[in-house]
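A.B. asks: As input, take final.txt (compact mmCIF, C-alpha atoms):
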# COMPACT_ATOMS: atom_id res chain seq x y z
CA MET A 1 -8.61 -23.58 -9.60
CA LYS A 2 -11.12 -21.28 -11.22
CA THR A 3 -13.42 -19.30 -8.97
CA THR A 4 -17.07 -19.69 -9.86
CA ILE A 5 -19.15 -16.64 -9.01
CA LYS A 6 -22.86 -17.15 -8.66
CA ILE A 7 -25.18 -14.17 -8.53
CA LEU A 8 -27.74 -14.76 -5.83
CA ALA A 9 -31.36 -13.68 -6.12
CA ALA A 10 -31.56 -13.08 -2.36
CA ALA A 11 -33.13 -9.83 -1.21
CA LEU A 12 -30.48 -7.45 0.05
CA SER A 13 -32.58 -4.67 1.45
CA VAL A 14 -33.61 -6.34 4.72
CA ALA A 15 -35.17 -4.24 7.50
CA VAL A 16 -33.04 -3.56 10.59
CA SER A 17 -35.86 -4.78 12.88
CA VAL A 18 -34.97 -8.23 14.24
CA PRO A 19 -37.12 -11.15 13.01
CA LEU A 20 -38.55 -13.34 15.79
CA SER A 21 -36.47 -16.37 14.83
CA ALA A 22 -33.22 -14.47 14.33
CA THR A 23 -30.26 -14.98 16.65
CA VAL A 24 -28.83 -11.71 17.90
CA LEU A 25 -25.03 -11.54 17.73
CA ARG A 26 -22.22 -9.14 18.60
CA LEU A 27 -19.00 -8.70 16.67
CA ALA A 28 -15.88 -10.13 18.26
CA ALA A 29 -13.57 -7.81 20.18
CA ALA A 30 -11.25 -5.89 17.87
CA SER A 31 -7.63 -7.02 17.50
CA ALA A 32 -4.52 -4.87 17.20
CA ASN A 33 -4.45 -5.39 13.42
CA ASP A 34 -8.07 -4.34 12.88
CA THR A 35 -8.98 -1.04 11.23
CA LEU A 36 -11.81 0.76 13.01
CA PRO A 37 -12.84 4.35 12.25
CA THR A 38 -12.74 6.83 15.12
CA LYS A 39 -14.87 9.50 13.44
CA LEU A 40 -17.16 9.51 10.41
CA SER A 41 -17.26 12.20 7.74
CA ALA A 42 -20.60 13.37 6.40
CA ALA A 43 -19.01 15.08 3.40
CA ALA A 44 -20.51 13.89 0.12
CA HIS A 45 -18.12 12.02 -2.17
CA LYS A 46 -17.96 13.46 -5.67
CA ASN A 47 -18.20 9.99 -7.28
CA ALA A 48 -21.14 8.72 -5.20
CA ALA A 49 -23.88 9.93 -7.55
CA SER A 50 -22.46 8.06 -10.55
CA LEU A 51 -22.37 4.63 -8.87
CA GLU A 52 -24.61 1.67 -9.71
CA SER A 53 -27.82 1.81 -7.65
CA LYS A 54 -28.99 -1.79 -8.01
CA PRO A 55 -28.22 -4.05 -4.99
CA LEU A 56 -25.96 -6.99 -5.74
CA ALA A 57 -24.78 -10.07 -3.84
CA PHE A 58 -22.57 -13.02 -4.73
CA ALA A 59 -20.57 -15.80 -3.14
CA TRP A 60 -18.01 -18.33 -4.25
CA ARG A 61 -16.55 -21.52 -2.88
CA LEU A 62 -12.98 -21.59 -1.51
CA PRO A 63 -10.71 -24.63 -1.37
CA PRO A 64 -10.12 -25.74 2.25
CA GLU A 65 -6.36 -25.68 1.71
CA ALA A 66 -6.39 -22.02 0.63
CA ALA A 67 -3.82 -20.01 2.57
CA LEU A 68 -5.68 -16.80 3.38
CA THR A 69 -4.45 -13.80 5.32
CA ALA A 70 -7.17 -11.67 6.85
CA VAL A 71 -4.98 -8.60 7.22
CA VAL A 72 -2.03 -8.22 4.85
CA LEU A 73 0.89 -6.95 6.90
CA PRO A 74 3.06 -4.20 5.42
CA GLN A 75 6.31 -5.16 3.76
CA GLU A 76 9.66 -3.64 4.67
CA THR A 77 11.38 -1.73 1.87
CA LYS A 78 15.16 -2.10 1.53
CA SER A 79 17.05 0.51 -0.51
CA ARG A 80 20.60 0.85 -1.86
CA GLU A 81 19.77 4.00 -3.81
CA TYR A 82 19.14 7.71 -3.52
CA TRP A 83 17.69 10.59 -5.55
CA ASP A 84 18.56 14.25 -5.95
CA SER A 85 16.89 17.05 -7.93
CA ARG A 86 19.15 19.45 -9.87
CA ASN A 87 18.66 22.22 -12.42
CA ALA A 88 20.52 22.60 -15.70
CA ASP A 89 23.04 25.13 -14.36
CA GLU A 90 23.97 22.87 -11.43
CA LEU A 91 24.46 19.89 -13.72
CA ALA A 92 26.60 21.94 -16.10
CA ALA A 93 28.82 23.08 -13.20
CA GLY A 94 29.07 19.57 -11.77
CA VAL A 95 27.20 17.60 -9.11
CA ASN A 96 28.92 15.39 -6.53
CA ILE A 97 27.59 11.86 -6.07
CA PRO A 98 29.07 9.84 -3.18
CA THR A 99 29.30 6.07 -3.67
CA THR A 100 30.27 3.29 -1.26
CA ALA A 101 30.81 0.42 -3.72
CA ALA A 102 32.18 0.01 -7.22
CA GLY A 103 29.87 -0.15 -10.23
CA ALA A 104 27.19 2.37 -9.21
CA ILE A 105 24.41 2.90 -11.77
CA VAL A 106 23.48 6.51 -12.52
CA ARG A 107 20.25 7.63 -14.13
CA LEU A 108 19.41 11.19 -15.17
CA SER A 109 15.66 11.64 -15.74
CA PRO A 110 13.53 14.73 -16.40
CA ALA A 111 11.76 16.04 -13.30
CA ALA A 112 7.98 16.28 -13.47
CA GLY A 113 7.01 18.98 -15.95
CA SER A 114 10.62 19.42 -17.08
CA SER A 115 11.69 19.86 -20.69
CA ALA A 116 14.99 18.03 -20.14
CA LYS A 117 15.95 15.77 -23.04
CA ALA A 118 17.86 12.51 -23.04
CA LEU A 119 21.54 12.71 -23.91
CA GLU A 120 24.02 10.12 -24.97
CA ALA A 121 25.82 8.87 -21.86
CA ARG A 122 29.14 9.78 -23.47
CA ARG A 123 28.17 13.46 -23.17
CA VAL A 124 28.30 13.15 -19.38
CA VAL A 125 31.72 13.91 -17.89
CA LEU A 126 32.90 11.96 -14.87
CA VAL A 127 35.48 13.43 -12.49
CA LYS A 128 37.22 11.58 -9.66
CA ASP A 129 40.28 12.67 -7.69
CA GLY A 130 40.95 15.38 -10.27
CA GLN A 131 40.91 12.92 -13.18
CA ARG A 132 38.37 13.67 -15.93
CA TYR A 133 36.70 10.91 -17.92
CA GLU A 134 35.09 12.18 -21.11
CA ASN A 135 33.48 10.83 -24.29
CA GLY A 136 32.22 7.66 -22.62
CA THR A 137 35.39 6.72 -20.79
CA GLY A 138 34.99 5.69 -17.18
CA MET A 139 31.50 4.31 -17.74
CA GLN A 140 29.62 1.36 -19.16
CA ALA A 141 26.44 1.98 -21.17
CA ILE A 142 23.23 0.42 -19.82
CA ALA A 143 20.91 1.64 -22.60
CA ASP A 144 21.38 4.07 -25.45
CA VAL A 145 18.97 6.85 -26.43
CA ALA A 146 17.33 4.79 -29.19
CA GLU A 147 16.48 1.98 -26.77
CA LEU A 148 15.09 4.44 -24.24
CA GLU A 149 12.97 6.23 -26.85
CA LYS A 150 11.49 2.90 -27.95
CA GLY A 151 10.66 1.98 -24.36
CA ALA A 152 12.95 -1.04 -24.61
CA ALA A 153 14.59 -0.27 -21.25
CA PRO A 154 12.76 0.02 -17.87
CA PHE A 155 13.50 3.71 -17.35
CA PRO A 156 11.39 6.88 -17.67
CA GLU A 157 11.23 8.55 -21.08
CA GLY A 158 14.08 11.03 -21.58
CA SER A 159 16.51 9.18 -19.28
CA THR A 160 20.27 8.92 -19.60
CA VAL A 161 21.59 5.79 -17.90
CA PHE A 162 25.10 4.42 -17.36
CA ARG A 163 27.19 2.35 -14.96
CA ILE A 164 30.36 3.83 -13.53
CA ASP A 165 33.24 1.55 -14.55
CA PRO A 166 33.91 -0.76 -11.55
CA LYS A 167 37.63 -0.28 -12.17
CA LEU A 168 37.27 3.26 -10.84
CA GLY A 169 36.18 1.91 -7.47
CA ALA A 170 34.02 3.81 -5.01
CA GLY A 171 34.18 7.27 -3.47
CA THR A 172 32.89 10.67 -4.49
CA PHE A 173 32.43 11.31 -8.20
CA LYS A 174 31.43 14.52 -9.90
CA ILE A 175 29.17 14.37 -12.93
CA GLU A 176 29.13 17.30 -15.35
CA VAL A 177 26.43 17.61 -18.00
CA PRO A 178 27.35 20.60 -20.19
CA GLN A 179 24.29 20.15 -22.42
CA ALA A 180 21.74 19.73 -19.60
CA SER A 181 18.44 21.31 -20.65
CA GLY A 182 16.08 21.29 -17.65
CA ALA A 183 15.31 20.18 -14.13
CA THR A 184 16.64 16.65 -13.68
CA ILE A 185 16.38 13.85 -11.13
CA VAL A 186 19.78 12.32 -10.41
CA HIS A 187 19.27 8.72 -9.32
CA VAL A 188 22.17 6.63 -7.97
CA PHE A 189 21.81 2.89 -7.36
CA GLU A 190 24.60 0.85 -5.75
CA PRO A 191 23.81 -2.83 -6.32
CA GLN A 192 27.09 -4.03 -4.76
CA SER A 193 26.90 -1.95 -1.59
CA SER A 194 26.35 -3.54 1.83
CA LEU A 195 24.77 -0.32 3.09
CA HIS A 196 20.98 -0.12 2.85
CA LEU A 197 18.09 1.80 4.34
CA HIS A 198 15.09 -0.10 5.66
CA LEU A 199 11.67 1.57 5.81
CA LYS A 200 8.32 0.25 7.01
CA ALA A 201 4.89 1.60 7.96
CA ASP A 202 2.94 -0.27 10.61
CA ARG A 203 -0.10 -0.63 8.31
CA ASN A 204 -0.99 -0.86 4.63
CA ALA A 205 -4.02 1.39 5.07
CA TYR A 206 -4.76 4.39 7.29
CA GLN A 207 -7.85 6.43 7.96
CA ALA A 208 -8.29 10.08 8.76
CA GLY A 209 -8.11 10.49 12.51
CA SER A 210 -5.62 7.66 13.06
CA GLN A 211 -1.84 7.81 13.46
CA ILE A 212 0.76 6.83 10.85
CA ILE A 213 3.69 5.00 12.49
CA VAL A 214 6.87 4.68 10.43
CA SER A 215 10.10 2.89 11.32
CA ALA A 216 13.49 3.11 9.59
CA SER A 217 17.02 1.85 10.09
CA LEU A 218 20.30 2.30 8.23
CA ARG A 219 22.23 -0.97 8.12
CA ASP A 220 25.59 -2.30 7.06
CA GLY A 221 24.70 -5.87 6.23
CA GLU A 222 22.55 -6.90 9.20
CA LYS A 223 24.09 -4.41 11.64
CA ALA A 224 22.27 -1.15 12.37
CA ILE A 225 24.46 1.93 12.12
CA PRO A 226 23.72 5.49 13.25
CA ALA A 227 22.51 7.93 10.65
CA GLY A 228 23.97 11.41 10.75
CA GLN A 229 20.65 12.68 9.46
CA ILE A 230 17.33 11.06 8.65
CA SER A 231 14.09 12.74 7.65
CA GLY A 232 10.86 11.87 5.93
CA VAL A 233 8.01 13.19 3.83
CA ILE A 234 4.51 11.96 3.02
CA THR A 235 3.17 12.80 -0.43
CA THR A 236 -0.58 12.57 -0.94
CA ALA A 237 -2.35 11.28 -4.02
CA ASP A 238 -2.91 14.85 -5.24
CA GLY A 239 0.69 15.98 -4.63
CA GLN A 240 0.49 17.61 -1.20
CA THR A 241 3.47 16.96 1.07
CA ARG A 242 3.92 16.60 4.84
CA GLU A 243 7.45 16.55 6.27
CA PHE A 244 8.16 14.70 9.50
CA ALA A 245 11.10 13.88 11.77
CA PHE A 246 12.44 10.52 12.95
CA VAL A 247 13.49 9.87 16.56
CA ALA A 248 16.37 7.46 17.27
CA ASP A 249 16.40 4.73 19.92
CA LYS A 250 19.43 3.11 21.60
CA ALA A 251 19.44 0.18 19.16
CA GLY A 252 20.00 2.45 16.16
CA ALA A 253 16.44 2.27 14.90
CA TYR A 254 14.39 5.35 14.01
CA SER A 255 10.66 5.89 14.25
CA ALA A 256 8.11 8.60 13.59
CA ARG A 257 4.45 9.16 14.46
CA VAL A 258 2.47 11.35 12.08
CA PRO A 259 -1.18 12.35 12.60
CA ALA A 260 -3.36 11.15 9.73
CA ASP A 261 -5.13 14.48 9.29
CA LEU A 262 -4.39 14.93 5.61
CA SER A 263 -6.68 16.44 2.98
CA ALA A 264 -10.15 14.96 3.31
CA ASP A 265 -11.33 14.56 -0.28
CA ALA A 266 -8.88 15.06 -3.15
CA SER A 267 -6.16 13.11 -1.36
CA ARG A 268 -7.99 9.81 -1.00
CA GLY A 269 -6.04 6.98 -2.58
CA LEU A 270 -2.44 5.78 -2.44
CA PHE A 271 0.01 7.94 -0.50
CA GLU A 272 3.80 7.63 -0.53
CA ILE A 273 6.23 7.74 2.39
CA GLN A 274 9.83 8.61 1.56
CA ALA A 275 12.77 8.58 3.99
CA PHE A 276 16.16 10.24 3.40
CA ALA A 277 19.24 9.12 5.35
CA SER A 278 22.91 10.11 5.33
CA ALA A 279 25.86 8.92 7.39
CA ALA A 280 29.66 8.94 7.53
CA THR A 281 31.00 5.38 7.39
CA LYS A 282 34.32 3.60 6.90
CA ASP A 283 33.40 3.42 3.20
CA GLY A 284 32.84 7.17 3.01
CA ARG A 285 29.67 9.22 2.97
CA VAL A 286 26.52 7.22 2.32
CA LEU A 287 23.19 8.55 1.06
CA ARG A 288 20.06 6.43 0.96
CA ASP A 289 16.41 7.09 0.11
CA ALA A 290 13.61 4.57 0.60
CA ARG A 291 9.94 4.63 -0.36
CA THR A 292 6.81 2.78 0.61
CA ALA A 293 3.10 3.37 0.01
CA PHE A 294 -0.16 3.08 1.91
CA ALA A 295 -3.85 3.53 1.19
CA TYR A 296 -5.66 6.46 2.80
CA SER A 297 -9.36 6.97 3.25
CA VAL A 298 -11.79 9.24 5.05
CA PRO A 299 -14.37 6.92 6.66
CA SER A 300 -18.05 7.72 6.20
CA ALA A 301 -19.53 4.45 7.49
CA ARG A 302 -18.80 1.80 10.11
CA LEU A 303 -20.14 -1.40 11.63
CA THR A 304 -22.12 -0.75 14.80
CA GLY A 305 -21.13 -4.12 16.31
CA ALA A 306 -24.67 -5.50 16.08
CA ALA A 307 -25.34 -8.53 13.85
CA ARG A 308 -27.85 -11.37 13.56
CA THR A 309 -28.63 -14.56 11.70
CA LEU A 310 -31.61 -14.35 9.36
CA PRO A 311 -34.20 -17.00 8.49
CA VAL A 312 -34.36 -17.84 4.80
CA ARG A 313 -36.45 -20.27 2.75
CA MET A 314 -33.53 -22.32 1.56
CA ARG A 315 -32.42 -25.83 2.41
CA ASP A 316 -29.35 -26.41 4.56
CA PRO A 317 -26.47 -25.83 4.61
CA VAL A 318 -26.94 -22.07 4.72
CA VAL A 319 -25.47 -19.23 6.75
CA TYR A 320 -27.36 -15.96 6.29
CA LEU A 321 -26.12 -12.97 8.28
CA GLN A 322 -27.00 -9.32 8.64
CA PHE A 323 -24.67 -6.60 9.96
CA ASP A 324 -25.79 -3.17 11.10
CA VAL A 325 -23.93 -0.34 9.37
CA GLU A 326 -23.96 3.29 10.48
CA VAL A 327 -23.75 5.61 7.46
CA ALA A 328 -22.84 9.31 7.66
CA SER A 329 -22.61 10.06 3.92
CA ALA A 330 -24.76 8.64 1.13
CA SER A 331 -22.86 6.28 -1.16
CA ARG A 332 -22.74 2.69 -2.39
CA TYR A 333 -21.16 0.45 0.25
CA GLN A 334 -19.77 -3.05 -0.02
CA ILE A 335 -19.45 -5.66 2.72
CA GLY A 336 -17.56 -8.93 2.43
CA ALA A 337 -16.15 -11.74 4.57
CA VAL A 338 -14.78 -15.28 4.50
CA LEU A 339 -16.76 -18.07 6.18
CA TYR A 340 -14.62 -20.65 8.00
CA GLY A 341 -15.90 -24.03 9.19
CA THR A 342 -14.54 -26.72 11.51
CA ASP A 343 -13.28 -29.93 9.88
CA ALA A 344 -13.16 -33.44 11.38
CA ALA A 345 -9.81 -32.71 13.00
CA GLY A 346 -11.17 -29.60 14.71
CA LYS A 347 -9.26 -27.26 12.43
CA LYS A 348 -10.80 -24.07 11.03
CA VAL A 349 -10.72 -24.09 7.22
CA PRO A 350 -12.07 -21.58 4.66
CA LEU A 351 -15.35 -22.52 3.00
CA ALA A 352 -16.61 -19.56 0.99
CA MET A 353 -16.34 -15.85 0.36
CA ALA A 354 -19.46 -13.66 0.17
CA GLN A 355 -19.96 -10.02 -0.71
CA SER A 356 -22.88 -7.66 -1.16
CA ALA A 357 -23.22 -4.02 -2.16
CA GLN A 358 -26.02 -1.47 -2.06
CA GLN A 359 -26.75 2.24 -2.09
CA LEU A 360 -27.21 3.57 1.45
CA GLU A 361 -28.41 6.91 2.78
CA PRO A 362 -27.34 8.36 6.14
CA GLY A 363 -28.65 6.32 9.06
CA VAL A 364 -28.35 2.72 10.30
CA HIS A 365 -28.93 -0.06 7.77
CA GLY A 366 -28.61 -3.82 7.57
CA MET A 367 -26.17 -5.35 5.07
CA THR A 368 -26.31 -9.07 4.41
CA LEU A 369 -23.96 -11.92 3.54
CA LEU A 370 -25.45 -15.19 2.26
CA TYR A 371 -23.54 -18.47 2.14
CA GLY A 372 -26.00 -20.91 0.57
CA PRO A 373 -25.98 -24.57 -0.47
CA ASP A 374 -24.56 -23.60 -3.87
CA VAL A 375 -21.23 -22.83 -2.16
CA LEU A 376 -21.52 -25.02 0.97
CA ASP A 377 -22.83 -28.30 -0.48
CA GLY A 378 -20.23 -31.03 -0.08
CA ALA A 379 -18.06 -28.95 2.25
CA LYS A 380 -15.91 -31.14 4.51
CA ALA A 381 -16.32 -28.70 7.38
CA GLY A 382 -19.28 -27.29 9.26
CA ALA A 383 -20.31 -25.68 12.54
CA PRO A 384 -18.96 -24.08 14.61
CA TYR A 385 -18.27 -21.36 12.07
CA GLU A 386 -16.22 -18.16 12.06
CA ILE A 387 -16.56 -15.02 9.96
CA ARG A 388 -13.09 -13.71 9.18
CA ASP A 389 -11.68 -10.83 7.14
CA LEU A 390 -14.85 -8.80 7.54
CA GLN A 391 -14.52 -5.65 5.44
CA LEU A 392 -16.69 -2.60 4.78
CA VAL A 393 -15.74 -0.50 1.73
CA ASN A 394 -17.07 2.70 0.16
CA GLN A 395 -17.28 1.95 -3.56
CA ALA A 396 -17.08 5.66 -4.44
CA ASP A 397 -13.31 5.46 -3.97
CA MET A 398 -12.88 1.85 -2.71
CA GLY A 399 -11.78 3.39 0.57
CA LEU A 400 -11.60 0.95 3.46
CA GLN A 401 -14.18 1.90 6.11
CA GLU A 402 -13.59 -0.95 8.54
CA GLN A 403 -11.76 -4.28 8.63
CA ARG A 404 -11.73 -7.03 11.25
CA GLU A 405 -9.60 -10.20 11.32
CA LEU A 406 -12.32 -12.02 13.26
CA GLY A 407 -15.89 -10.80 12.83
CA LEU A 408 -18.13 -13.43 14.41
CA THR A 409 -18.19 -16.91 15.89
CA LEU A 410 -21.26 -19.06 15.19
CA ASP A 411 -22.18 -22.28 16.97
CA SER A 412 -24.52 -23.31 14.19
CA ALA A 413 -25.91 -22.23 10.82
CA ARG A 414 -28.88 -19.86 10.47
Transcribe the structure of this file into structure tokens.
C.D. replies:
Amino acid sequence: MKTTIKILAAALSVAVSVPLSATVLRLAAASANDTLPTKLSAAAHKNAASLESKPLAFAWRLPPEAALTAVVLPQETKSREYWDSRNADELAAGVNIPTTAAGAIVRLSPAAGSSAKALEARRVVLVKDGQRYENGTGMQAIADVAELEKGAAPFPEGSTVFRIDPKLGAGTFKIEVPQASGATIVHVFEPQSSLHLHLKADRNAYQAGSQIIVSASLRDGEKAIPAGQISGVITTADGQTREFAFVADKAGAYSARVPADLSADASRGLFEIQAFASAATKDGRVLRDARTAFAYSVPSARLTGAARTLPVRMRDPVVYLQFDVEVASASRYQIGAVLYGTDAAGKKVPLAMAQSAQQLEPGVHGMTLLYGPDVLDGAKAGAPYEIRDLQLVNQADMGLQEQRELGLTLDSAR
């Protein structure tokens, strides 16, 4: 179903003073999944001055059967692979790679800024139990250099990729690359292994001043096993790193709590969490790395908790709301939310989505959301209403300022 967006001619810059006929409201109590800033930054964002200055508002109808999730919960990453960084001399001398299942896939890729060049897989020497496998023996080609150079295979440019012949089984192999030419990432993926590392952050988005909670577990099938060593690192959008330690519990799970006090400006954006685990198992030594990502922002605005309905010269059905926003740093801010109504069976169903955006200076301002007859006419649900997935965003970097699963409950329109 195509979404029809209608630009509304409603005035967006409404005074914070309460009109006589307005109904004063308070935001619902925050839930555990909500994102609320603890402290605002007054630092000017470098992109704020280049943003559109004209206020804008729009809304669109939603089908009542739409399955919406107010807060997207983070996904758990499961990994049967690991990475290692080696220089040319180390690769020429030989690098050990432990495996726990037959048919491991090995990829050699240039490290960032490296001049390493792709080689034919047959130039890599495999060694196991003293037996040397040269000139392509002991391996199965995944992609040759020509395919990689043309981008026909899903690997970074300059990669050398091969599968260790399953007939050689598992265990520790040594790979020697006599013609290695630069810093290289050695990536080992074991698609047939039952051993995997699970990694999960408790949120998809964090703000400066909050706490990043990470959980990890090394498993054999569905059974958690102890890791001999497990550590982690957070890499910011501009390449800064923060190492952290995991703490084990009695069930074999590991967790870490990291203060979200990372760089305030250049690091806004997507950050990466990486965990490294090793263990001694019945199948030999196991190495696993897992990665996940989260959004990071430095909040400069928030909802004060005050809201109100607004009178408007428009026929029913209409829901016109204003939310007070405290701004610490000038920028263009965007507010949005989904309006839910109650159908004949008493069930809450989505009716429409509305958003508005405007340039705001430091201080307290009103931001509005208008759900008019153009999106509510013919709706098979009405009052009482709920405002869900209420979000405030700084358009300078699209950083999340605040998000609430349930924003308001309304007994009637207007």
A.B. asks: What residues have an atom no more than 8 Å from (-30.0, -15.5, 9.3) in the file's own frame, counting only C-alpha atoms, and can you write them as JSON, numbers by chain?
C.D. replies: {"A": [22, 23, 308, 309, 310, 311, 312, 319, 320, 321, 322, 414]}
A.B. asks: Produce a file of the selected residues containing C-alpha atoms, as an mmCIF file, keeping the file's coordinate frame.
C.D. replies:
data_model
loop_
_atom_site.group_PDB
_atom_site.id
_atom_site.type_symbol
_atom_site.label_atom_id
_atom_site.label_comp_id
_atom_site.auth_asym_id
_atom_site.auth_seq_id
_atom_site.Cartn_x
_atom_site.Cartn_y
_atom_site.Cartn_z
ATOM 1 C CA ALA A 22 -33.220 -14.470 14.330
ATOM 2 C CA THR A 23 -30.260 -14.980 16.650
ATOM 3 C CA ARG A 308 -27.850 -11.370 13.560
ATOM 4 C CA THR A 309 -28.630 -14.560 11.700
ATOM 5 C CA LEU A 310 -31.610 -14.350 9.360
ATOM 6 C CA PRO A 311 -34.200 -17.000 8.490
ATOM 7 C CA VAL A 312 -34.360 -17.840 4.800
ATOM 8 C CA VAL A 319 -25.470 -19.230 6.750
ATOM 9 C CA TYR A 320 -27.360 -15.960 6.290
ATOM 10 C CA LEU A 321 -26.120 -12.970 8.280
ATOM 11 C CA GLN A 322 -27.000 -9.320 8.640
ATOM 12 C CA ARG A 414 -28.880 -19.860 10.470
#
A.B. asks: Would you mind listing what lies within 8 Å of A:Ala48 as a ChimeraX atom specification, with all atoms listed in the file counted and same-chain residues fewer than 2 positions away left out?
C.D. replies: /A:44-46,50-51,330-332,395-396
A.B. asks: Which of these, A:Glu361, A:Asp34, A:Asp238, A:Asp283, has the shortest distance to A:Phe271 once you count only C-alpha atoms?
C.D. replies: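 Once distances to A:Phe271 are computed over only C-alpha atoms, the minimum belongs to A:Asp238.
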A.B. asks: For A:Gly232, which residue among A:Ala66, A:Ala354, A:Leu406, A:Ala277 is the nearest when counting only C-alpha atoms?
C.D. replies: A:Ala277
A.B. asks: Would you compute the distance between atom CA of A:Val186 and atom CA of A:Arg257? Give it in Å to one decimal.
C.D. replies: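 Here the two named atoms are 29.4 Å from each other.
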A.B. asks: Can you measure atom CA of A:Ala290 to atom CA of A:Asp202 for me? One decimal in Å is fine.
C.D. replies: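 Separating atom CA of A:Ala290 from atom CA of A:Asp202 is a distance of 15.4 Å.
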A.B. asks: Tell me, as a PyMOL selection string, which residues lie within 12 Å of A:Thr368, counting all atoms listed in the file; anything in the same chain fewer than 2 positions away does not count.
C.D. replies: chain A and resi 8+10-16+55-59+307-312+319-325+333-337+354-358+365-366+370-371+390+392
A.B. asks: Just the residues within 10 Å of stretch 204-214 of chain A, please, counting all atoms listed in the file, with nothing from its chain fewer than 5 positions along; format it as a PyMOL selection string.
C.D. replies: chain A and resi 35-41+71-75+199+232+246+254-264+268-271+273+275+292-299+399-402
A.B. asks: Need the shell around A:Asp165: protein/DNA/RNA residues with any atom at most 10 Å away, counting all atoms listed in the file. Skip same-chain ones fewer than 3 positions apart. Format as a VMD selection string?
C.D. replies: chain A and resid 102 to 105 137 to 141 162 168 to 170
A.B. asks: Can you work out which one of A:Val393, A:Val286, A:Ile387, A:Leu62 has the shortest atom-to-atom distance to A:Asp411, counting only C-alpha atoms?
C.D. replies: A:Ile387
A.B. asks: Which one of A:Ile185, A:Val124, A:Leu408, A:Ala101 sits closest to A:Gly305 if you count all atoms listed in the file?
C.D. replies: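 Closest to A:Gly305 of all the choices is A:Leu408.
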A.B. asks: Tell me, in Å to one decimal, how far atom CA of A:Ser217 is from atom CA of A:Ala253.
C.D. replies: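 Distance between the two atoms: 4.9 Å.
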A.B. asks: Which of these residues is nearest to A:Ser215, using only C-alpha atoms: A:Gln192, A:Thr77, A:Gln403, A:Gln131?
C.D. replies: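 Result for the nearest residue to A:Ser215: A:Thr77.
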A.B. asks: Counting only C-alpha atoms, which residues come within 8 Å of (-7.1, -10.7, 6.6), with the point read in the file's coordinates, and could you list them as a PDB file with C-alpha atoms, in the coordinates of the input?
C.D. replies:
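Below you can see out-v2.pdb, which holds the result:
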ATOM      1  CA  LEU A  68      -5.680 -16.800   3.380  1.00  0.00           C
ATOM      2  CA  THR A  69      -4.450 -13.800   5.320  1.00  0.00           C
ATOM      3  CA  ALA A  70      -7.170 -11.670   6.850  1.00  0.00           C
ATOM      4  CA  VAL A  71      -4.980  -8.600   7.220  1.00  0.00           C
ATOM      5  CA  VAL A  72      -2.030  -8.220   4.850  1.00  0.00           C
ATOM      6  CA  ARG A 388     -13.090 -13.710   9.180  1.00  0.00           C
ATOM      7  CA  ASP A 389     -11.680 -10.830   7.140  1.00  0.00           C
ATOM      8  CA  ARG A 404     -11.730  -7.030  11.250  1.00  0.00           C
ATOM      9  CA  GLU A 405      -9.600 -10.200  11.320  1.00  0.00           C
TER      10      GLU A 405
END
A.B. asks: In terms of the shortest atom-to-atom distance over only C-alpha atoms, which of A:Leu376, A:Ala381, A:Val233, A:Val327 is closest to A:Val349?
C.D. replies: A:Ala381
